[in-house]
$ cat query38.tsv   # TSV, N, CA and C atoms
chain	number	residue	atom	x	y	z
A	19	MET	N	0.84	-1.19	0.00
A	19	MET	CA	0.00	0.00	0.00
A	19	MET	C	0.88	1.24	0.00
A	20	SER	N	0.57	2.15	-0.87
A	20	SER	CA	1.35	3.37	-0.96
A	20	SER	C	0.77	4.49	-0.10
A	21	GLY	N	-0.41	4.31	0.42
A	21	GLY	CA	-1.02	5.34	1.24
A	21	GLY	C	-1.80	6.37	0.43
A	22	ARG	N	-1.81	6.23	-0.87
A	22	ARG	CA	-2.55	7.17	-1.72
A	22	ARG	C	-4.01	6.79	-1.77
A	23	THR	N	-4.84	7.79	-1.85
A	23	THR	CA	-6.27	7.53	-1.98
A	23	THR	C	-6.62	7.41	-3.45
A	24	GLN	N	-7.72	6.77	-3.72
A	24	GLN	CA	-8.16	6.58	-5.10
A	24	GLN	C	-8.83	7.84	-5.65
A	25	ALA	N	-9.38	8.68	-4.78
A	25	ALA	CA	-10.07	9.89	-5.25
A	25	ALA	C	-9.05	10.93	-5.69
A	26	ARG	N	-9.30	11.50	-6.85
A	26	ARG	CA	-8.40	12.53	-7.36
A	26	ARG	C	-8.78	13.88	-6.76
A	27	ALA	N	-7.79	14.70	-6.56
A	27	ALA	CA	-8.05	16.05	-6.03
A	27	ALA	C	-8.74	16.88	-7.11
A	28	CYS	N	-9.74	17.62	-6.70
A	28	CYS	CA	-10.48	18.47	-7.63
A	28	CYS	C	-9.80	19.84	-7.67
A	29	PRO	N	-9.43	20.34	-8.85
A	29	PRO	CA	-8.78	21.64	-8.90
A	29	PRO	C	-9.72	22.75	-8.46
A	30	GLU	N	-9.17	23.75	-7.79
A	30	GLU	CA	-9.95	24.88	-7.31
A	30	GLU	C	-9.52	26.15	-8.03
A	31	ARG	N	-10.47	27.06	-8.19
A	31	ARG	CA	-10.21	28.36	-8.78
A	31	ARG	C	-10.91	29.41	-7.91
A	32	THR	N	-10.55	30.66	-8.07
A	32	THR	CA	-11.16	31.75	-7.32
A	32	THR	C	-12.10	32.53	-8.23
A	33	CYS	N	-13.30	32.77	-7.76
A	33	CYS	CA	-14.28	33.58	-8.48
A	33	CYS	C	-13.80	35.03	-8.46
A	34	VAL	N	-13.70	35.66	-9.63
A	34	VAL	CA	-13.23	37.05	-9.67
A	34	VAL	C	-14.28	38.02	-9.16
A	35	GLY	N	-15.51	37.56	-8.97
A	35	GLY	CA	-16.57	38.42	-8.45
A	35	GLY	C	-16.58	38.47	-6.94
A	36	CYS	N	-16.81	37.32	-6.31
A	36	CYS	CA	-16.94	37.28	-4.84
A	36	CYS	C	-15.63	36.91	-4.15
A	37	ARG	N	-14.62	36.52	-4.92
A	37	ARG	CA	-13.29	36.16	-4.41
A	37	ARG	C	-13.31	34.92	-3.52
A	38	GLU	N	-14.29	34.04	-3.70
A	38	GLU	CA	-14.34	32.79	-2.95
A	38	GLU	C	-13.77	31.67	-3.80
A	39	ARG	N	-13.08	30.75	-3.15
A	39	ARG	CA	-12.53	29.60	-3.87
A	39	ARG	C	-13.62	28.54	-4.00
A	40	ALA	N	-13.63	27.88	-5.16
A	40	ALA	CA	-14.62	26.84	-5.42
A	40	ALA	C	-14.01	25.84	-6.38
A	41	ALA	N	-14.66	24.69	-6.49
A	41	ALA	CA	-14.21	23.68	-7.44
A	41	ALA	C	-14.31	24.24	-8.85
A	42	LYS	N	-13.35	23.91	-9.66
A	42	LYS	CA	-13.30	24.41	-11.04
A	42	LYS	C	-14.59	24.07	-11.79
A	43	ASN	N	-15.19	22.92	-11.51
A	43	ASN	CA	-16.41	22.50	-12.18
A	43	ASN	C	-17.62	23.36	-11.81
A	44	ASP	N	-17.56	24.04	-10.67
A	44	ASP	CA	-18.68	24.87	-10.22
A	44	ASP	C	-18.62	26.29	-10.76
A	45	LEU	N	-17.52	26.64	-11.41
A	45	LEU	CA	-17.34	28.00	-11.92
A	45	LEU	C	-17.40	28.02	-13.44
A	46	LEU	N	-17.67	29.19	-13.98
A	46	LEU	CA	-17.73	29.39	-15.43
A	46	LEU	C	-16.46	30.10	-15.87
A	47	ARG	N	-15.78	29.53	-16.86
A	47	ARG	CA	-14.55	30.14	-17.38
A	47	ARG	C	-14.92	31.23	-18.38
A	48	ILE	N	-14.24	32.36	-18.29
A	48	ILE	CA	-14.46	33.50	-19.16
A	48	ILE	C	-13.14	33.79	-19.87
A	49	VAL	N	-13.19	34.03	-21.19
A	49	VAL	CA	-12.01	34.41	-21.95
A	49	VAL	C	-12.32	35.69	-22.73
A	50	ALA	N	-11.26	36.40	-23.10
A	50	ALA	CA	-11.41	37.61	-23.90
A	50	ALA	C	-11.19	37.26	-25.37
A	51	VAL	N	-12.19	37.59	-26.19
A	51	VAL	CA	-12.09	37.43	-27.64
A	51	VAL	C	-12.25	38.83	-28.22
A	52	GLY	N	-11.16	39.39	-28.69
A	52	GLY	CA	-11.20	40.78	-29.13
A	52	GLY	C	-11.37	41.68	-27.92
A	53	ASP	N	-12.41	42.51	-27.94
A	53	ASP	CA	-12.69	43.38	-26.80
A	53	ASP	C	-13.97	42.98	-26.09
A	54	GLU	N	-14.23	41.66	-26.09
A	54	GLU	CA	-15.47	41.15	-25.52
A	54	GLU	C	-15.17	39.95	-24.62
A	55	CYS	N	-15.89	39.86	-23.50
A	55	CYS	CA	-15.80	38.69	-22.61
A	55	CYS	C	-16.76	37.63	-23.13
A	56	VAL	N	-16.26	36.42	-23.28
A	56	VAL	CA	-17.05	35.33	-23.85
A	56	VAL	C	-17.03	34.16	-22.86
A	57	PRO	N	-18.19	33.54	-22.59
A	57	PRO	CA	-18.19	32.36	-21.71
A	57	PRO	C	-17.56	31.17	-22.43
A	58	ASP	N	-16.85	30.37	-21.67
A	58	ASP	CA	-16.19	29.17	-22.20
A	58	ASP	C	-16.57	27.98	-21.32
A	59	PRO	N	-17.81	27.47	-21.44
A	59	PRO	CA	-18.26	26.41	-20.54
A	59	PRO	C	-17.47	25.11	-20.67
A	60	ARG	N	-16.93	24.82	-21.86
A	60	ARG	CA	-16.16	23.59	-22.03
A	60	ARG	C	-14.70	23.75	-21.64
A	61	GLY	N	-14.25	25.00	-21.51
A	61	GLY	CA	-12.87	25.25	-21.09
A	61	GLY	C	-11.85	24.96	-22.17
A	62	THR	N	-12.24	25.12	-23.44
A	62	THR	CA	-11.34	24.76	-24.54
A	62	THR	C	-10.86	25.95	-25.37
A	63	LEU	N	-11.43	27.13	-25.14
A	63	LEU	CA	-10.99	28.29	-25.92
A	63	LEU	C	-9.57	28.68	-25.54
A	64	PRO	N	-8.78	29.13	-26.51
A	64	PRO	CA	-7.40	29.49	-26.20
A	64	PRO	C	-7.33	30.81	-25.44
A	65	GLY	N	-6.25	30.98	-24.74
A	65	GLY	CA	-6.00	32.23	-24.05
A	65	GLY	C	-6.19	32.13	-22.56
A	66	ARG	N	-5.94	33.24	-21.93
A	66	ARG	CA	-6.03	33.33	-20.48
A	66	ARG	C	-7.49	33.31	-20.06
A	67	GLY	N	-7.79	32.68	-18.95
A	67	GLY	CA	-9.17	32.58	-18.49
A	67	GLY	C	-9.35	33.16	-17.10
A	68	ALA	N	-10.56	33.63	-16.85
A	68	ALA	CA	-10.97	34.07	-15.52
A	68	ALA	C	-12.20	33.26	-15.15
A	69	TYR	N	-12.39	33.03	-13.88
A	69	TYR	CA	-13.50	32.19	-13.43
A	69	TYR	C	-14.47	33.00	-12.59
A	70	VAL	N	-15.77	32.72	-12.77
A	70	VAL	CA	-16.82	33.39	-12.03
A	70	VAL	C	-17.94	32.39	-11.77
A	71	HIS	N	-18.60	32.55	-10.61
A	71	HIS	CA	-19.78	31.71	-10.35
A	71	HIS	C	-20.83	32.01	-11.40
A	72	PRO	N	-21.59	31.03	-11.84
A	72	PRO	CA	-22.64	31.29	-12.84
A	72	PRO	C	-23.85	31.96	-12.21
A	73	ALA	N	-23.64	33.13	-11.64
A	73	ALA	CA	-24.69	33.90	-10.99
A	73	ALA	C	-24.52	35.37	-11.36
A	74	VAL	N	-25.63	36.04	-11.59
A	74	VAL	CA	-25.59	37.44	-11.98
A	74	VAL	C	-24.97	38.29	-10.89
A	75	VAL	N	-25.14	37.90	-9.64
A	75	VAL	CA	-24.58	38.65	-8.52
A	75	VAL	C	-23.06	38.70	-8.60
A	76	CYS	N	-22.44	37.56	-8.82
A	76	CYS	CA	-20.98	37.51	-8.92
A	76	CYS	C	-20.50	38.23	-10.17
A	77	LEU	N	-21.24	38.11	-11.26
A	77	LEU	CA	-20.87	38.81	-12.48
A	77	LEU	C	-20.91	40.32	-12.26
A	78	ASP	N	-21.94	40.82	-11.59
A	78	ASP	CA	-22.05	42.25	-11.31
A	78	ASP	C	-20.89	42.73	-10.43
A	79	GLN	N	-20.52	41.92	-9.45
A	79	GLN	CA	-19.39	42.29	-8.59
A	79	GLN	C	-18.10	42.36	-9.39
A	80	ALA	N	-17.90	41.40	-10.30
A	80	ALA	CA	-16.69	41.38	-11.12
A	80	ALA	C	-16.62	42.59	-12.03
A	81	VAL	N	-17.76	42.97	-12.62
A	81	VAL	CA	-17.79	44.14	-13.51
A	81	VAL	C	-17.54	45.41	-12.70
A	82	ARG	N	-18.18	45.53	-11.54
A	82	ARG	CA	-18.02	46.71	-10.70
A	82	ARG	C	-16.57	46.87	-10.23
A	83	ARG	N	-15.91	45.77	-9.93
A	83	ARG	CA	-14.52	45.81	-9.46
A	83	ARG	C	-13.51	45.88	-10.60
A	84	ARG	N	-14.00	45.85	-11.84
A	84	ARG	CA	-13.14	45.85	-13.04
A	84	ARG	C	-12.18	44.66	-13.01
A	85	ALA	N	-12.70	43.51	-12.64
A	85	ALA	CA	-11.87	42.32	-12.46
A	85	ALA	C	-11.51	41.64	-13.78
A	86	PHE	N	-12.39	41.71	-14.78
A	86	PHE	CA	-12.11	41.00	-16.03
A	86	PHE	C	-10.91	41.55	-16.79
A	87	PRO	N	-10.80	42.87	-17.02
A	87	PRO	CA	-9.60	43.35	-17.71
A	87	PRO	C	-8.32	43.01	-16.95
A	88	ARG	N	-8.37	43.07	-15.63
A	88	ARG	CA	-7.19	42.77	-14.82
A	88	ARG	C	-6.85	41.28	-14.89
A	89	ALA	N	-7.84	40.42	-14.71
A	89	ALA	CA	-7.59	38.97	-14.70
A	89	ALA	C	-7.18	38.46	-16.08
A	90	LEU	N	-7.76	39.04	-17.12
A	90	LEU	CA	-7.47	38.58	-18.48
A	90	LEU	C	-6.32	39.36	-19.11
A	91	ARG	N	-5.75	40.29	-18.35
A	91	ARG	CA	-4.62	41.11	-18.78
A	91	ARG	C	-4.92	41.83	-20.09
A	92	SER	N	-6.06	42.47	-20.13
A	92	SER	CA	-6.49	43.25	-21.28
A	92	SER	C	-6.13	44.71	-21.06
A	93	THR	N	-5.76	45.39	-22.14
A	93	THR	CA	-5.35	46.78	-22.00
A	93	THR	C	-6.53	47.74	-21.89
A	94	GLY	N	-7.65	47.40	-22.50
A	94	GLY	CA	-8.82	48.28	-22.47
A	94	GLY	C	-9.99	47.63	-21.77
A	95	ALA	N	-11.12	48.34	-21.78
A	95	ALA	CA	-12.35	47.82	-21.18
A	95	ALA	C	-12.90	46.69	-22.04
A	96	LEU	N	-13.56	45.75	-21.40
A	96	LEU	CA	-14.14	44.60	-22.10
A	96	LEU	C	-15.66	44.67	-22.04
A	97	ASP	N	-16.32	44.33	-23.15
A	97	ASP	CA	-17.78	44.34	-23.22
A	97	ASP	C	-18.31	43.06	-22.57
A	98	THR	N	-19.26	43.21	-21.65
A	98	THR	CA	-19.80	42.05	-20.93
A	98	THR	C	-21.29	41.84	-21.19
A	99	ALA	N	-21.86	42.51	-22.20
A	99	ALA	CA	-23.31	42.41	-22.45
A	99	ALA	C	-23.71	40.98	-22.82
A	100	GLU	N	-23.00	40.35	-23.75
A	100	GLU	CA	-23.33	38.99	-24.15
A	100	GLU	C	-23.07	38.01	-23.01
A	101	LEU	N	-22.04	38.27	-22.25
A	101	LEU	CA	-21.72	37.42	-21.10
A	101	LEU	C	-22.84	37.47	-20.06
A	102	ARG	N	-23.39	38.66	-19.82
A	102	ARG	CA	-24.48	38.82	-18.85
A	102	ARG	C	-25.70	37.99	-19.27
A	103	THR	N	-26.00	38.00	-20.57
A	103	THR	CA	-27.13	37.22	-21.08
A	103	THR	C	-26.88	35.73	-20.87
A	104	ALA	N	-25.68	35.27	-21.19
A	104	ALA	CA	-25.35	33.85	-21.05
A	104	ALA	C	-25.40	33.42	-19.58
A	105	VAL	N	-24.91	34.25	-18.68
A	105	VAL	CA	-24.92	33.92	-17.26
A	105	VAL	C	-26.35	33.89	-16.73
A	106	ALA	N	-27.18	34.82	-17.18
A	106	ALA	CA	-28.58	34.85	-16.73
A	106	ALA	C	-29.31	33.59	-17.18
A	107	VAL	N	-29.06	33.14	-18.40
A	107	VAL	CA	-29.69	31.91	-18.90
A	107	VAL	C	-29.20	30.70	-18.11
A	108	GLN	N	-27.89	30.63	-17.86
A	108	GLN	CA	-27.34	29.50	-17.12
A	108	GLN	C	-27.80	29.52	-15.67
A	109	ALA	N	-27.94	30.70	-15.09
A	109	ALA	CA	-28.39	30.80	-13.70
A	109	ALA	C	-29.82	30.30	-13.54
A	110	GLU	N	-30.65	30.50	-14.55
A	110	GLU	CA	-32.02	29.98	-14.50
A	110	GLU	C	-32.02	28.46	-14.60
A	111	ALA	N	-31.08	27.90	-15.36
A	111	ALA	CA	-31.03	26.46	-15.56
A	111	ALA	C	-30.46	25.73	-14.35
A	112	THR	N	-29.50	26.35	-13.65
A	112	THR	CA	-28.88	25.70	-12.50
A	112	THR	C	-29.06	26.57	-11.28
A	113	PRO	N	-29.68	26.04	-10.23
A	113	PRO	CA	-29.87	26.84	-9.01
A	113	PRO	C	-28.52	27.13	-8.35
A	114	TYR	N	-28.42	28.30	-7.74
A	114	TYR	CA	-27.17	28.73	-7.11
A	114	TYR	C	-27.51	29.26	-5.72
A	115	ASP	N	-26.63	29.11	-4.81
A	115	ASP	CA	-26.84	29.52	-3.41
A	115	ASP	C	-26.82	31.04	-3.32
A	116	THR	N	-28.01	31.68	-3.43
A	116	THR	CA	-28.07	33.13	-3.39
A	116	THR	C	-28.01	33.68	-1.97
A	117	GLU	N	-28.18	32.83	-0.98
A	117	GLU	CA	-28.09	33.31	0.40
A	117	GLU	C	-26.67	33.79	0.72
A	118	ARG	N	-25.68	33.13	0.16
A	118	ARG	CA	-24.30	33.52	0.42
A	118	ARG	C	-23.85	34.65	-0.48
A	119	HIS	N	-24.47	34.80	-1.65
A	119	HIS	CA	-24.00	35.77	-2.64
A	119	HIS	C	-25.05	36.80	-2.99
A	120	GLY	N	-25.95	37.11	-2.15
A	120	GLY	CA	-26.89	38.11	-2.58
A	120	GLY	C	-27.94	38.33	-1.62

$ encode --input "query38.tsv" --output "C-alpha cells"
Amino acid sequence: MSGRTQARACPERTCVGCRERAAKNDLLRIVAVGDECVPDPRGTLPGRGAYVHPAVVCLDQAVRRRAFPRALRSTGALDTAELRTAVAVQAEATPYDTERHG
C-alpha cells in the first residue's frame, strides 16, 4: 500500500466576483475574444481565463470591481453584455446559493 487515496483532487479556482474559492467545475470560465468577454463552458478556448460563479450577482461584482480586464490582462475595457445574457440563462437552468452571494 502506498497510502494514496483513489479519489483525485479536484482543482480549485477563485471567483473574480466574490473572491471565494470553489471547485473548477462549479465556476464558469471567461475568456477575452477581441474586446469582448465570452463564456467558455467547455474550457477549450485558447488564451487566459478568468472564473466566475454562474450567478448574476458575482458577475455584477466582477464588472463593478473591473476584475475581467485585470484577470485577463487586457489593455482596455471589455464588453460584458453577451456574457451577462449567457450567465442569466445558465443561472435559471442551474440553481445557485443566493443566500451567500446576494

$ atom_distance --input "query38.tsv" --atom1 "atom CA of A:Gly67" --atom2 "atom CA of A:Gln24"
29.3 Å

$ select_by_dssp --input "query38.tsv" --residues "chain A" --states "alpha helix (DSSP H)" --output "VMD selection string"
chain A and resid 74 to 82 85 to 89 99 to 111 116 to 119

$ residues_around --input "query38.tsv" --residues "A:Cys76" --least-positions-apart "2" --cutoff "8 Å" --atoms "only N, CA and C atoms" --output "VMD selection string"
chain A and resid 33 to 37 70 to 74 78 to 82 119 to 120

$ atom_distance --input "query38.tsv" --atom1 "atom C of A:Glu38" --atom2 "atom N of A:Ala85"
14.8 Å

$ atom_distance --input "query38.tsv" --atom1 "atom CA of A:Arg26" --atom2 "atom CA of A:Leu90"
28.3 Å

$ residues_around --input "query38.tsv" --residues "A:Arg102" --least-positions-apart "4" --cutoff "8 Å" --atoms "all atoms listed in the file" --output "ChimeraX atom specification"
/A:55,57,74,77-78,97-98,106-108

$ write_last_selection --input "query38.tsv" --atoms "N, CA and C atoms" --output "mmCIF file, in the frame of the given file"
data_model
loop_
_atom_site.group_PDB
_atom_site.id
_atom_site.type_symbol
_atom_site.label_atom_id
_atom_site.label_comp_id
_atom_site.auth_asym_id
_atom_site.auth_seq_id
_atom_site.Cartn_x
_atom_site.Cartn_y
_atom_site.Cartn_z
ATOM 1 N N CYS A 55 -15.890 39.860 -23.500
ATOM 2 C CA CYS A 55 -15.800 38.690 -22.610
ATOM 3 C C CYS A 55 -16.760 37.630 -23.130
ATOM 4 N N PRO A 57 -18.190 33.540 -22.590
ATOM 5 C CA PRO A 57 -18.190 32.360 -21.710
ATOM 6 C C PRO A 57 -17.560 31.170 -22.430
ATOM 7 N N VAL A 74 -25.630 36.040 -11.590
ATOM 8 C CA VAL A 74 -25.590 37.440 -11.980
ATOM 9 C C VAL A 74 -24.970 38.290 -10.890
ATOM 10 N N LEU A 77 -21.240 38.110 -11.260
ATOM 11 C CA LEU A 77 -20.870 38.810 -12.480
ATOM 12 C C LEU A 77 -20.910 40.320 -12.260
ATOM 13 N N ASP A 78 -21.940 40.820 -11.590
ATOM 14 C CA ASP A 78 -22.050 42.250 -11.310
ATOM 15 C C ASP A 78 -20.890 42.730 -10.430
ATOM 16 N N ASP A 97 -16.320 44.330 -23.150
ATOM 17 C CA ASP A 97 -17.780 44.340 -23.220
ATOM 18 C C ASP A 97 -18.310 43.060 -22.570
ATOM 19 N N THR A 98 -19.260 43.210 -21.650
ATOM 20 C CA THR A 98 -19.800 42.050 -20.930
ATOM 21 C C THR A 98 -21.290 41.840 -21.190
ATOM 22 N N ALA A 106 -27.180 34.820 -17.180
ATOM 23 C CA ALA A 106 -28.580 34.850 -16.730
ATOM 24 C C ALA A 106 -29.310 33.590 -17.180
ATOM 25 N N VAL A 107 -29.060 33.140 -18.400
ATOM 26 C CA VAL A 107 -29.690 31.910 -18.900
ATOM 27 C C VAL A 107 -29.200 30.700 -18.110
ATOM 28 N N GLN A 108 -27.890 30.630 -17.860
ATOM 29 C CA GLN A 108 -27.340 29.500 -17.120
ATOM 30 C C GLN A 108 -27.800 29.520 -15.670
#

$ residues_around --input "query38.tsv" --residues "A:Arg31" --least-positions-apart "4" --cutoff "6 Å" --atoms "all atoms listed in the file" --output "ChimeraX atom specification"
/A:38-42

$ write_last_selection --input "query38.tsv" --atoms "N, CA and C atoms" --output "compact mmCIF listing (two decimals), in the frame of the given file"
# COMPACT_ATOMS: atom_id res chain seq x y z
N GLU A 38 -14.29 34.04 -3.70
CA GLU A 38 -14.34 32.79 -2.95
C GLU A 38 -13.77 31.67 -3.80
N ARG A 39 -13.08 30.75 -3.15
CA ARG A 39 -12.53 29.60 -3.87
C ARG A 39 -13.62 28.54 -4.00
N ALA A 40 -13.63 27.88 -5.16
CA ALA A 40 -14.62 26.84 -5.42
C ALA A 40 -14.01 25.84 -6.38
N ALA A 41 -14.66 24.69 -6.49
CA ALA A 41 -14.21 23.68 -7.44
C ALA A 41 -14.31 24.24 -8.85
N LYS A 42 -13.35 23.91 -9.66
CA LYS A 42 -13.30 24.41 -11.04
C LYS A 42 -14.59 24.07 -11.79

$ select_by_dssp --input "query38.tsv" --residues "stretch 45-108 of chain A" --states "strand (DSSP E)" --output "PyMOL selection string"
chain A and resi 46-51+54-57+67-70

$ write_last_selection --input "query38.tsv" --atoms "N, CA and C atoms" --output "short mmCIF file (atom, residue, chain, number, x, y, z; two decimals), keeping the file's coordinate frame"
data_model
loop_
_atom_site.label_atom_id
_atom_site.label_comp_id
_atom_site.auth_asym_id
_atom_site.auth_seq_id
_atom_site.Cartn_x
_atom_site.Cartn_y
_atom_site.Cartn_z
N LEU A 46 -17.67 29.19 -13.98
CA LEU A 46 -17.73 29.39 -15.43
C LEU A 46 -16.46 30.10 -15.87
N ARG A 47 -15.78 29.53 -16.86
CA ARG A 47 -14.55 30.14 -17.38
C ARG A 47 -14.92 31.23 -18.38
N ILE A 48 -14.24 32.36 -18.29
CA ILE A 48 -14.46 33.50 -19.16
C ILE A 48 -13.14 33.79 -19.87
N VAL A 49 -13.19 34.03 -21.19
CA VAL A 49 -12.01 34.41 -21.95
C VAL A 49 -12.32 35.69 -22.73
N ALA A 50 -11.26 36.40 -23.10
CA ALA A 50 -11.41 37.61 -23.90
C ALA A 50 -11.19 37.26 -25.37
N VAL A 51 -12.19 37.59 -26.19
CA VAL A 51 -12.09 37.43 -27.64
C VAL A 51 -12.25 38.83 -28.22
N GLU A 54 -14.23 41.66 -26.09
CA GLU A 54 -15.47 41.15 -25.52
C GLU A 54 -15.17 39.95 -24.62
N CYS A 55 -15.89 39.86 -23.50
CA CYS A 55 -15.80 38.69 -22.61
C CYS A 55 -16.76 37.63 -23.13
N VAL A 56 -16.26 36.42 -23.28
CA VAL A 56 -17.05 35.33 -23.85
C VAL A 56 -17.03 34.16 -22.86
N PRO A 57 -18.19 33.54 -22.59
CA PRO A 57 -18.19 32.36 -21.71
C PRO A 57 -17.56 31.17 -22.43
N GLY A 67 -7.79 32.68 -18.95
CA GLY A 67 -9.17 32.58 -18.49
C GLY A 67 -9.35 33.16 -17.10
N ALA A 68 -10.56 33.63 -16.85
CA ALA A 68 -10.97 34.07 -15.52
C ALA A 68 -12.20 33.26 -15.15
N TYR A 69 -12.39 33.03 -13.88
CA TYR A 69 -13.50 32.19 -13.43
C TYR A 69 -14.47 33.00 -12.59
N VAL A 70 -15.77 32.72 -12.77
CA VAL A 70 -16.82 33.39 -12.03
C VAL A 70 -17.94 32.39 -11.77
#

$ closest_residue --input "query38.tsv" --among "A:Ala111, A:Val49, A:Val105, A:Thr62" --to "A:Ala89" --atoms "only C-alpha atoms"
A:Val49

$ closest_residue --input "query38.tsv" --among "A:Gly61, A:Arg47, A:Ala27, A:Val56" --to "A:Leu101" --atoms "all atoms listed in the file"
A:Val56

$ closest_residue --input "query38.tsv" --among "A:Arg88, A:Arg83, A:Ala95, A:Cys28" --to "A:Asp53" --atoms "all atoms listed in the file"
A:Ala95
